[in-house]
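A.B. asks: query-v5.cif is the file, holding mmCIF, C-alpha atoms; chains and numbers go by the auth columns:
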data_upload
#
loop_
_atom_site.group_PDB
_atom_site.id
_atom_site.type_symbol
_atom_site.label_atom_id
_atom_site.label_comp_id
_atom_site.label_asym_id
_atom_site.label_seq_id
_atom_site.Cartn_x
_atom_site.Cartn_y
_atom_site.Cartn_z
_atom_site.B_iso_or_equiv
_atom_site.auth_seq_id
_atom_site.auth_asym_id
ATOM 1 C CA GLY A 1 0.000 0.000 0.000 0.00 1 A
ATOM 2 C CA ASP A 2 0.897 3.670 -0.045 0.00 2 A
ATOM 3 C CA SER A 3 3.325 4.960 2.564 0.00 3 A
ATOM 4 C CA VAL A 4 5.425 8.015 3.378 0.00 4 A
ATOM 5 C CA THR A 5 8.750 7.940 5.225 0.00 5 A
ATOM 6 C CA GLN A 6 10.291 11.063 6.754 0.00 6 A
ATOM 7 C CA MET A 7 13.583 11.631 8.467 0.00 7 A
ATOM 8 C CA GLU A 8 13.344 11.497 12.223 0.00 8 A
ATOM 9 C CA GLY A 9 13.676 14.603 14.304 0.00 9 A
ATOM 10 C CA PRO A 10 14.097 16.771 16.045 0.00 10 A
ATOM 11 C CA VAL A 11 16.167 18.778 13.626 0.00 11 A
ATOM 12 C CA THR A 12 17.920 21.615 15.433 0.00 12 A
ATOM 13 C CA LEU A 13 19.415 24.463 13.402 0.00 13 A
ATOM 14 C CA SER A 14 20.747 27.931 13.993 0.00 14 A
ATOM 15 C CA GLU A 15 18.976 30.867 12.400 0.00 15 A
ATOM 16 C CA GLU A 16 19.926 31.396 8.716 0.00 16 A
ATOM 17 C CA ALA A 17 21.087 27.794 8.316 0.00 17 A
ATOM 18 C CA PHE A 18 20.087 25.662 5.313 0.00 18 A
ATOM 19 C CA LEU A 19 17.275 23.186 5.889 0.00 19 A
ATOM 20 C CA THR A 20 16.591 19.823 4.309 0.00 20 A
ATOM 21 C CA ILE A 21 13.929 17.430 5.558 0.00 21 A
ATOM 22 C CA ASN A 22 13.931 14.168 3.640 0.00 22 A
ATOM 23 C CA CYS A 23 10.734 12.493 2.463 0.00 23 A
ATOM 24 C CA THR A 24 10.354 9.356 0.366 0.00 24 A
ATOM 25 C CA TYR A 25 7.167 7.632 -0.660 0.00 25 A
ATOM 26 C CA THR A 26 5.750 4.380 -1.931 0.00 26 A
ATOM 27 C CA ALA A 27 2.652 4.460 -4.109 0.00 27 A
ATOM 28 C CA THR A 28 1.003 2.220 -6.649 0.00 28 A
ATOM 29 C CA GLY A 29 -0.249 5.041 -8.835 0.00 29 A
ATOM 30 C CA TYR A 30 0.774 8.612 -9.618 0.00 30 A
ATOM 31 C CA PRO A 31 0.207 10.484 -6.406 0.00 31 A
ATOM 32 C CA SER A 32 0.152 14.149 -5.587 0.00 32 A
ATOM 33 C CA LEU A 33 2.616 15.128 -2.869 0.00 33 A
ATOM 34 C CA PHE A 34 2.255 17.676 -0.095 0.00 34 A
ATOM 35 C CA TRP A 35 4.059 19.301 2.794 0.00 35 A
ATOM 36 C CA TYR A 36 1.944 20.399 5.742 0.00 36 A
ATOM 37 C CA VAL A 37 3.216 22.409 8.718 0.00 37 A
ATOM 38 C CA GLN A 38 1.929 22.402 12.297 0.00 38 A
ATOM 39 C CA TYR A 39 2.913 25.365 14.462 0.00 39 A
ATOM 40 C CA PRO A 40 2.762 24.947 18.253 0.00 40 A
ATOM 41 C CA GLY A 41 -0.794 24.717 19.529 0.00 41 A
ATOM 42 C CA GLU A 42 -2.352 24.747 16.074 0.00 42 A
ATOM 43 C CA GLY A 43 -3.713 22.379 13.477 0.00 43 A
ATOM 44 C CA LEU A 44 -1.913 21.518 10.256 0.00 44 A
ATOM 45 C CA GLN A 45 -1.858 23.872 7.293 0.00 45 A
ATOM 46 C CA LEU A 46 -0.784 23.271 3.734 0.00 46 A
ATOM 47 C CA LEU A 47 2.702 24.586 3.002 0.00 47 A
ATOM 48 C CA LEU A 48 3.186 23.464 -0.598 0.00 48 A
ATOM 49 C CA LYS A 49 2.260 20.752 -3.062 0.00 49 A
ATOM 50 C CA ALA A 50 3.243 19.154 -6.377 0.00 50 A
ATOM 51 C CA THR A 51 0.900 17.152 -8.545 0.00 51 A
ATOM 52 C CA LYS A 52 3.185 15.493 -11.099 0.00 52 A
ATOM 53 C CA ALA A 53 6.768 14.423 -11.662 0.00 53 A
ATOM 54 C CA ASP A 54 9.372 17.234 -11.846 0.00 54 A
ATOM 55 C CA ASP A 55 6.905 19.794 -10.468 0.00 55 A
ATOM 56 C CA LYS A 56 8.368 22.141 -7.857 0.00 56 A
ATOM 57 C CA GLY A 57 6.129 23.390 -5.084 0.00 57 A
ATOM 58 C CA SER A 58 7.159 26.554 -3.252 0.00 58 A
ATOM 59 C CA ASN A 59 5.832 28.839 -0.531 0.00 59 A
ATOM 60 C CA LYS A 60 7.296 31.166 2.135 0.00 60 A
ATOM 61 C CA GLY A 61 10.851 30.378 0.992 0.00 61 A
ATOM 62 C CA PHE A 62 10.328 26.620 1.231 0.00 62 A
ATOM 63 C CA GLU A 63 10.469 24.416 -1.842 0.00 63 A
ATOM 64 C CA ALA A 64 10.258 20.747 -2.770 0.00 64 A
ATOM 65 C CA THR A 65 10.612 18.955 -6.101 0.00 65 A
ATOM 66 C CA TYR A 66 8.628 15.852 -7.043 0.00 66 A
ATOM 67 C CA ARG A 67 11.274 13.278 -8.058 0.00 67 A
ATOM 68 C CA LYS A 68 9.633 10.200 -9.524 0.00 68 A
ATOM 69 C CA GLU A 69 12.918 8.419 -10.250 0.00 69 A
ATOM 70 C CA THR A 70 13.941 8.526 -6.588 0.00 70 A
ATOM 71 C CA THR A 71 10.360 8.590 -5.189 0.00 71 A
ATOM 72 C CA SER A 72 11.286 11.606 -3.099 0.00 72 A
ATOM 73 C CA PHE A 73 9.888 15.012 -2.159 0.00 73 A
ATOM 74 C CA HIS A 74 12.507 16.613 0.086 0.00 74 A
ATOM 75 C CA LEU A 75 11.686 19.938 1.740 0.00 75 A
ATOM 76 C CA GLU A 76 14.342 22.679 1.566 0.00 76 A
ATOM 77 C CA LYS A 77 14.796 26.255 2.705 0.00 77 A
ATOM 78 C CA GLY A 78 17.867 28.345 2.157 0.00 78 A
ATOM 79 C CA SER A 79 17.773 30.325 5.400 0.00 79 A
ATOM 80 C CA VAL A 80 15.561 29.310 8.298 0.00 80 A
ATOM 81 C CA GLN A 81 14.125 31.664 10.900 0.00 81 A
ATOM 82 C CA VAL A 82 13.084 31.106 14.500 0.00 82 A
ATOM 83 C CA SER A 83 9.480 31.437 13.331 0.00 83 A
ATOM 84 C CA ASP A 84 9.916 28.319 11.170 0.00 84 A
ATOM 85 C CA SER A 85 10.070 26.169 14.303 0.00 85 A
ATOM 86 C CA ALA A 86 7.236 23.690 13.846 0.00 86 A
ATOM 87 C CA VAL A 87 6.439 20.103 12.923 0.00 87 A
ATOM 88 C CA TYR A 88 6.533 19.322 9.192 0.00 88 A
ATOM 89 C CA PHE A 89 4.512 16.505 7.638 0.00 89 A
ATOM 90 C CA CYS A 90 5.019 15.000 4.206 0.00 90 A
ATOM 91 C CA ALA A 91 1.879 13.491 2.678 0.00 91 A
ATOM 92 C CA LEU A 92 0.592 11.878 -0.487 0.00 92 A
ATOM 93 C CA SER A 93 -2.785 11.592 -2.130 0.00 93 A
ATOM 94 C CA ASP A 94 -3.480 8.873 -4.639 0.00 94 A
ATOM 95 C CA TRP A 95 -6.431 7.771 -6.754 0.00 95 A
ATOM 96 C CA GLY A 96 -8.574 5.301 -4.889 0.00 96 A
ATOM 97 C CA ARG A 97 -7.410 6.451 -1.487 0.00 97 A
ATOM 98 C CA ARG A 98 -9.988 7.881 0.866 0.00 98 A
ATOM 99 C CA ALA A 99 -7.680 10.337 2.605 0.00 99 A
ATOM 100 C CA LEU A 100 -4.172 11.678 2.637 0.00 100 A
ATOM 101 C CA THR A 101 -1.395 9.369 3.789 0.00 101 A
ATOM 102 C CA PHE A 102 0.860 11.268 6.193 0.00 102 A
ATOM 103 C CA GLY A 103 4.434 10.677 7.238 0.00 103 A
ATOM 104 C CA SER A 104 5.284 10.598 10.928 0.00 104 A
ATOM 105 C CA GLY A 105 6.291 14.265 11.099 0.00 105 A
ATOM 106 C CA THR A 106 9.660 15.970 11.676 0.00 106 A
ATOM 107 C CA ARG A 107 10.069 18.554 14.406 0.00 107 A
ATOM 108 C CA LEU A 108 12.255 21.535 13.471 0.00 108 A
ATOM 109 C CA GLN A 109 13.744 23.742 16.170 0.00 109 A
ATOM 110 C CA VAL A 110 15.507 26.915 15.050 0.00 110 A
ATOM 111 C CA GLN A 111 17.689 28.647 17.620 0.00 111 A
ATOM 112 C CA PRO A 112 18.524 32.376 17.483 0.00 112 A
ATOM 113 C CA GLU B 1 -7.558 31.385 6.475 0.00 1 B
ATOM 114 C CA ALA B 2 -9.119 28.228 7.893 0.00 2 B
ATOM 115 C CA ASP B 3 -12.815 28.392 8.703 0.00 3 B
ATOM 116 C CA ILE B 4 -12.984 25.173 10.646 0.00 4 B
ATOM 117 C CA TYR B 5 -13.521 25.253 14.374 0.00 5 B
ATOM 118 C CA GLN B 6 -13.073 22.732 17.124 0.00 6 B
ATOM 119 C CA THR B 7 -14.312 22.963 20.681 0.00 7 B
ATOM 120 C CA PRO B 8 -13.200 22.606 23.348 0.00 8 B
ATOM 121 C CA ARG B 9 -9.453 23.235 22.886 0.00 9 B
ATOM 122 C CA TYR B 10 -8.653 21.370 26.081 0.00 10 B
ATOM 123 C CA LEU B 11 -10.733 18.849 28.001 0.00 11 B
ATOM 124 C CA VAL B 12 -9.861 17.027 31.212 0.00 12 B
ATOM 125 C CA ILE B 13 -12.415 14.473 32.370 0.00 13 B
ATOM 126 C CA GLY B 14 -12.740 11.405 34.538 0.00 14 B
ATOM 127 C CA THR B 15 -12.956 7.817 33.383 0.00 15 B
ATOM 128 C CA GLY B 16 -16.407 6.657 32.314 0.00 16 B
ATOM 129 C CA LYS B 17 -17.718 10.055 31.236 0.00 17 B
ATOM 130 C CA LYS B 18 -19.467 10.578 27.926 0.00 18 B
ATOM 131 C CA ILE B 19 -17.941 13.344 25.826 0.00 19 B
ATOM 132 C CA THR B 20 -18.556 14.996 22.483 0.00 20 B
ATOM 133 C CA LEU B 21 -15.879 16.851 20.570 0.00 21 B
ATOM 134 C CA GLU B 22 -17.348 19.478 18.282 0.00 22 B
ATOM 135 C CA CYS B 23 -16.172 20.324 14.769 0.00 23 B
ATOM 136 C CA SER B 24 -17.776 22.836 12.433 0.00 24 B
ATOM 137 C CA GLN B 25 -16.752 24.309 9.092 0.00 25 B
ATOM 138 C CA THR B 26 -18.231 27.209 7.164 0.00 26 B
ATOM 139 C CA MET B 27 -16.708 26.412 3.776 0.00 27 B
ATOM 140 C CA GLY B 28 -19.448 24.085 2.519 0.00 28 B
ATOM 141 C CA HIS B 29 -17.054 21.160 2.160 0.00 29 B
ATOM 142 C CA ASP B 30 -18.601 17.724 1.697 0.00 30 B
ATOM 143 C CA LYS B 31 -15.586 15.774 2.941 0.00 31 B
ATOM 144 C CA MET B 32 -14.655 15.824 6.602 0.00 32 B
ATOM 145 C CA TYR B 33 -12.172 13.811 8.658 0.00 33 B
ATOM 146 C CA TRP B 34 -11.130 13.056 12.215 0.00 34 B
ATOM 147 C CA TYR B 35 -7.480 12.315 12.975 0.00 35 B
ATOM 148 C CA GLN B 36 -5.943 11.180 16.249 0.00 36 B
ATOM 149 C CA GLN B 37 -2.457 12.535 16.847 0.00 37 B
ATOM 150 C CA ASP B 38 -0.278 10.613 19.253 0.00 38 B
ATOM 151 C CA PRO B 39 2.476 12.178 21.424 0.00 39 B
ATOM 152 C CA GLY B 40 5.012 11.194 18.789 0.00 40 B
ATOM 153 C CA MET B 41 3.075 13.460 16.396 0.00 41 B
ATOM 154 C CA GLU B 42 1.966 10.707 14.018 0.00 42 B
ATOM 155 C CA LEU B 43 -1.520 11.193 12.558 0.00 43 B
ATOM 156 C CA HIS B 44 -4.026 8.364 12.398 0.00 44 B
ATOM 157 C CA LEU B 45 -7.288 8.612 10.447 0.00 45 B
ATOM 158 C CA ILE B 46 -10.132 7.397 12.683 0.00 46 B
ATOM 159 C CA HIS B 47 -13.283 8.591 10.855 0.00 47 B
ATOM 160 C CA TYR B 48 -14.279 10.250 7.609 0.00 48 B
ATOM 161 C CA SER B 49 -17.410 11.447 5.863 0.00 49 B
ATOM 162 C CA TYR B 50 -18.102 12.237 2.223 0.00 50 B
ATOM 163 C CA GLY B 51 -21.354 14.052 2.925 0.00 51 B
ATOM 164 C CA VAL B 52 -24.531 14.178 4.966 0.00 52 B
ATOM 165 C CA ASN B 53 -25.508 10.789 6.417 0.00 53 B
ATOM 166 C CA SER B 54 -22.217 9.268 5.189 0.00 54 B
ATOM 167 C CA THR B 55 -19.658 8.125 7.765 0.00 55 B
ATOM 168 C CA GLU B 56 -16.925 5.512 7.615 0.00 56 B
ATOM 169 C CA LYS B 57 -14.250 4.222 9.950 0.00 57 B
ATOM 170 C CA GLY B 58 -10.663 5.093 9.167 0.00 58 B
ATOM 171 C CA ASP B 59 -7.385 3.220 9.312 0.00 59 B
ATOM 172 C CA LEU B 60 -7.047 3.201 13.091 0.00 60 B
ATOM 173 C CA SER B 61 -9.683 1.366 15.081 0.00 61 B
ATOM 174 C CA SER B 62 -11.405 3.718 17.495 0.00 62 B
ATOM 175 C CA GLU B 63 -14.131 3.323 20.106 0.00 63 B
ATOM 176 C CA SER B 64 -15.461 6.736 19.176 0.00 64 B
ATOM 177 C CA THR B 65 -18.443 7.355 16.909 0.00 65 B
ATOM 178 C CA VAL B 66 -19.328 10.217 14.578 0.00 66 B
ATOM 179 C CA SER B 67 -22.409 11.643 12.932 0.00 67 B
ATOM 180 C CA ARG B 68 -23.030 13.905 9.935 0.00 68 B
ATOM 181 C CA ILE B 69 -26.525 15.278 10.038 0.00 69 B
ATOM 182 C CA ARG B 70 -25.560 18.658 8.597 0.00 70 B
ATOM 183 C CA THR B 71 -22.848 19.463 6.067 0.00 71 B
ATOM 184 C CA GLU B 72 -21.084 21.901 8.374 0.00 72 B
ATOM 185 C CA HIS B 73 -21.079 19.778 11.536 0.00 73 B
ATOM 186 C CA PHE B 74 -19.105 16.586 12.274 0.00 74 B
ATOM 187 C CA PRO B 75 -19.055 15.777 16.009 0.00 75 B
ATOM 188 C CA LEU B 76 -17.129 12.909 17.574 0.00 76 B
ATOM 189 C CA THR B 77 -18.505 11.091 20.622 0.00 77 B
ATOM 190 C CA LEU B 78 -16.944 8.807 23.209 0.00 78 B
ATOM 191 C CA GLU B 79 -19.635 6.998 25.226 0.00 79 B
ATOM 192 C CA SER B 80 -17.298 6.051 28.068 0.00 80 B
ATOM 193 C CA ALA B 81 -13.917 7.720 28.133 0.00 81 B
ATOM 194 C CA ARG B 82 -10.819 5.839 29.317 0.00 82 B
ATOM 195 C CA PRO B 83 -7.211 6.925 29.936 0.00 83 B
ATOM 196 C CA SER B 84 -6.221 5.196 26.692 0.00 84 B
ATOM 197 C CA HIS B 85 -8.328 7.817 24.857 0.00 85 B
ATOM 198 C CA THR B 86 -6.004 10.592 26.008 0.00 86 B
ATOM 199 C CA SER B 87 -4.743 12.210 22.808 0.00 87 B
ATOM 200 C CA GLN B 88 -4.949 15.186 20.486 0.00 88 B
ATOM 201 C CA TYR B 89 -7.947 15.010 18.115 0.00 89 B
ATOM 202 C CA LEU B 90 -7.807 16.961 14.861 0.00 90 B
ATOM 203 C CA CYS B 91 -10.770 17.637 12.583 0.00 91 B
ATOM 204 C CA ALA B 92 -10.299 18.490 8.908 0.00 92 B
ATOM 205 C CA SER B 93 -12.335 19.222 5.816 0.00 93 B
ATOM 206 C CA SER B 94 -11.454 19.004 2.143 0.00 94 B
ATOM 207 C CA ASP B 95 -12.054 21.277 -0.806 0.00 95 B
ATOM 208 C CA GLY B 96 -11.677 18.871 -3.688 0.00 96 B
ATOM 209 C CA SER B 97 -11.179 15.445 -5.060 0.00 97 B
ATOM 210 C CA VAL B 98 -8.358 12.974 -4.739 0.00 98 B
ATOM 211 C CA PRO B 99 -5.535 13.378 -5.588 0.00 99 B
ATOM 212 C CA ASN B 100 -5.454 17.165 -5.589 0.00 100 B
ATOM 213 C CA GLU B 101 -7.534 17.983 -2.572 0.00 101 B
ATOM 214 C CA LYS B 102 -6.368 20.416 0.094 0.00 102 B
ATOM 215 C CA LEU B 103 -7.150 19.683 3.724 0.00 103 B
ATOM 216 C CA PHE B 104 -8.107 22.434 6.140 0.00 104 B
ATOM 217 C CA PHE B 105 -7.504 21.586 9.797 0.00 105 B
ATOM 218 C CA GLY B 106 -9.001 22.870 13.006 0.00 106 B
ATOM 219 C CA SER B 107 -6.761 23.745 15.951 0.00 107 B
ATOM 220 C CA GLY B 108 -7.494 20.452 17.675 0.00 108 B
ATOM 221 C CA THR B 109 -8.866 19.245 20.996 0.00 109 B
ATOM 222 C CA GLN B 110 -6.389 17.969 23.573 0.00 110 B
ATOM 223 C CA LEU B 111 -8.256 15.338 25.569 0.00 111 B
ATOM 224 C CA SER B 112 -6.964 14.056 28.904 0.00 112 B
ATOM 225 C CA VAL B 113 -8.838 11.253 30.634 0.00 113 B
ATOM 226 C CA LEU B 114 -7.900 10.710 34.257 0.00 114 B
#
As structure tokens - that is how I would like this structure written.

C.D. replies:
Amino acid sequence: GDSVTQMEGPVTLSEEAFLTINCTYTATGYPSLFWYVQYPGEGLQLLLKATKADDKGSNKGFEATYRKETTSFHLEKGSVQVSDSAVYFCALSDWGRRALTFGSGTRLQVQP
Amino acid sequence: EADIYQTPRYLVIGTGKKITLECSQTMGHDKMYWYQQDPGMELHLIHYSYGVNSTEKGDLSSESTVSRIRTEHFPLTLESARPSHTSQYLCASSDGSVPNEKLFFGSGTQLSVL
């Protein structure tokens, strides 16, 4: 079945450091891929998405490229801020599935 | 941006009590979901609905029940709460069709059963 695997956290970075959070997936079809972010005390919100191979999703300085050959959708940001501290979830949506399949989440802590 | 509301935000109750977690959305979405989030942050789908009078169980077995009498309202009920039900419960609604749908989440209810 479909699954999403994320790197374990927490990831601790200093402000202005480069961020990569790895995400790989397994799917039987041609899924759409998403990154959701959960700030402390809040629900999840969509950060970015890509719907087909080689698409790049981007938002708020974050970006991720849909790589079909490596079944990956790694999240990157060139310079993180303290306000980026949150939990990041990779997810996929595939035909025939009733809901998104989420990864286990990666906590990011950015120190000033 | 999100117009989906959950109440209460925090609930502490004793074992054996009946509780209802409320979830309402004003976006007219047909699809709604309940997720249970464990302390390790992982999300587990416990219920979903594709419209009025449509409810299905999710991937994770749950003793809770749901109803969908109105499009905007999707409450979750526990008839007899136990400490094992202590968790964060997140409600969500969807604006489209698989595979391109976007989920909108409420802020969650943190339930603690003593």

A.B. asks: Which residues of chain B have any atom within 12 Å of an atom in chain A when counting only C-alpha atoms, and what is the closest pair of atoms for each, with the distance in Å to one decimal? Order the rows by chain and rising number and write it as a tab-separated table.

C.D. replies:
residue	atom	partner	partner_atom	distance
B:Glu1	CA	A:Gln45	CA	9.5
B:Ala2	CA	A:Gln45	CA	8.5
B:Asp3	CA	A:Gly43	CA	11.9
B:Ile4	CA	A:Gly43	CA	10.1
B:Tyr5	CA	A:Gly43	CA	10.3
B:Gln6	CA	A:Gly43	CA	10.1
B:Arg9	CA	A:Gly41	CA	9.4
B:Tyr10	CA	A:Gly41	CA	10.8
B:Lys31	CA	A:Ala99	CA	9.6
B:Met32	CA	A:Ala99	CA	9.7
B:Tyr33	CA	A:Ala99	CA	8.3
B:Trp34	CA	A:Ala99	CA	10.6
B:Tyr35	CA	A:Ala99	CA	10.6
B:Gln36	CA	A:Gly43	CA	11.8
B:Gln37	CA	A:Ser104	CA	9.9
B:Asp38	CA	A:Ser104	CA	10.0
B:Pro39	CA	A:Ser104	CA	11.0
B:Gly40	CA	A:Ser104	CA	7.9
B:Met41	CA	A:Gly105	CA	6.2
B:Glu42	CA	A:Ser104	CA	4.5
B:Leu43	CA	A:Phe102	CA	6.8
B:His44	CA	A:Phe102	CA	8.4
B:Leu45	CA	A:Ala99	CA	8.0
B:Ile46	CA	A:Ala99	CA	10.8
B:His47	CA	A:Ala99	CA	10.1
B:Tyr48	CA	A:Ala99	CA	8.3
B:Ser49	CA	A:Arg98	CA	9.6
B:Tyr50	CA	A:Arg98	CA	9.3
B:Thr55	CA	A:Arg98	CA	11.9
B:Glu56	CA	A:Arg98	CA	10.0
B:Lys57	CA	A:Arg98	CA	10.7
B:Gly58	CA	A:Arg98	CA	8.8
B:Asp59	CA	A:Ala99	CA	9.8
B:Gln88	CA	A:Gly43	CA	10.1
B:Tyr89	CA	A:Gly43	CA	9.7
B:Leu90	CA	A:Gly43	CA	6.9
B:Cys91	CA	A:Gly43	CA	8.5
B:Ala92	CA	A:Gly43	CA	8.9
B:Ser93	CA	A:Ala99	CA	10.5
B:Ser94	CA	A:Ala99	CA	9.5
B:Gly96	CA	A:Ala99	CA	11.3
B:Ser97	CA	A:Trp95	CA	9.2
B:Val98	CA	A:Trp95	CA	5.9
B:Pro99	CA	A:Ser93	CA	4.8
B:Asn100	CA	A:Ser32	CA	6.4
B:Glu101	CA	A:Ser93	CA	8.0
B:Lys102	CA	A:Leu46	CA	7.3
B:Leu103	CA	A:Leu46	CA	7.3
B:Phe104	CA	A:Gln45	CA	6.5
B:Phe105	CA	A:Gly43	CA	5.3
B:Gly106	CA	A:Gly43	CA	5.3
B:Ser107	CA	A:Gly43	CA	4.2
B:Gly108	CA	A:Gly43	CA	6.0
B:Thr109	CA	A:Gly43	CA	9.6
B:Gln110	CA	A:Gly41	CA	9.7

A.B. asks: Which one of A:Thr65, A:Asn59, A:Ser72, A:Thr26 sits closest to Met7 in chain A if you count all atoms listed in the file?

C.D. replies: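 Once distances to Met7 in chain A are computed over all atoms listed in the file, the minimum belongs to A:Ser72.
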
A.B. asks: Just give me the gap between CA of Lys68 in chain A and CA of Cys23 in chain A in Å, one decimal is fine.

C.D. replies: 12.3 Å

A.B. asks: Between B:Arg68, B:His29, B:His85, B:His73, single out the one closest to Asn53 in chain B, counting only C-alpha atoms.

C.D. replies: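 Once distances to Asn53 in chain B are computed over only C-alpha atoms, the minimum belongs to B:Arg68.
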
A.B. asks: Taking all listed atoms of range 58-61 of chain A, build the axis-aligned box, pad each of the six sides by 6 Å, then write its centre and edge lengths in Å to one decimal as lines of an AutoDock Vina configuration file.

C.D. replies:
center_x = 8.3
center_y = 28.9
center_z = -0.6
size_x = 17.0
size_y = 16.6
size_z = 17.4

A.B. asks: Looking at only C-alpha atoms, which of A:Asp55, A:Ala91, A:His74, A:Leu108 is the one that sits closest to Ile21 in chain A?

C.D. replies: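 Among A:Asp55, A:Ala91, A:His74, A:Leu108, it is A:His74 that comes nearest to Ile21 in chain A.
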
A.B. asks: When you look at Thr71 in chain B with a cut-off of 7 Å (counting all atoms listed in the file), what residues show up, excluding the ones that are within fewer than 5 positions of it in the same chain? I need them as a PyMOL selection string.

C.D. replies: chain B and resi 28+30+51-52

A.B. asks: Have a look at CA of Ser85 in chain A and CA of Pro112 in chain A and let me know their distance in Å, one decimal.

C.D. replies: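 Between these atoms lies a distance of 11.0 Å.
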
A.B. asks: Which value, in Å to one decimal, gives the distance between CA of Gly78 in chain A and CA of Gly9 in chain A?

C.D. replies: 18.8 Å

A.B. asks: With the PyMOL selection byres ((chain B and resi 21) around 6) as the selection, what would be picked from this file? Answer as an mmCIF file with C-alpha atoms, keeping the file's coordinate frame, please.

C.D. replies:
data_model
loop_
_atom_site.group_PDB
_atom_site.id
_atom_site.type_symbol
_atom_site.label_atom_id
_atom_site.label_comp_id
_atom_site.auth_asym_id
_atom_site.auth_seq_id
_atom_site.Cartn_x
_atom_site.Cartn_y
_atom_site.Cartn_z
ATOM 1 C CA THR B 20 -18.556 14.996 22.483
ATOM 2 C CA GLU B 22 -17.348 19.478 18.282
ATOM 3 C CA PRO B 75 -19.055 15.777 16.009
ATOM 4 C CA LEU B 76 -17.129 12.909 17.574
#

A.B. asks: Using the chain letters and numbers from this file, what does the PyMOL selection byres ((chain B and resi 65) around 6) select? Give the answer as JSON, numbers by chain.

C.D. replies: {"B": [64, 66, 76, 77]}

A.B. asks: Name the residues that the PyMOL selection byres ((chain A and resi 20) around 8) pulls out of this structure, and write them as number ranges by chain.

C.D. replies: A: 18-19, 21-22, 74-77

A.B. asks: Got a sec to check which residues sit within 10 Å of (0.3, -1.2, -5.8), counting all atoms listed in the file, and write them as a PyMOL selection string?

C.D. replies: chain A and resi 1-2+26-29

A.B. asks: Between B:Ser61, B:Ser80, B:Ser54, B:Thr86, which one has atoms that come closest to Lys18 in chain B, using only C-alpha atoms?

C.D. replies: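 Ranking B:Ser61, B:Ser80, B:Ser54, B:Thr86 by distance to Lys18 in chain B, first place goes to B:Ser80.
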
A.B. asks: So that I can check the surroundings of Ala81 in chain B, please list as an NGL selection string every protein, DNA and RNA residue that reaches within 6 Å of it, counting all atoms listed in the file and ignoring chain neighbours fewer than 4 positions away.

C.D. replies: :B and (15-17)

A.B. asks: Rank A:Tyr25, A:Phe62, A:Phe73, A:Trp35 by their smallest atom-to-atom distance to Thr5 in chain A, using all atoms listed in the file, and report the top residue only.

C.D. replies: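 Checking each candidate against Thr5 in chain A, we get A:Tyr25 as the closest.
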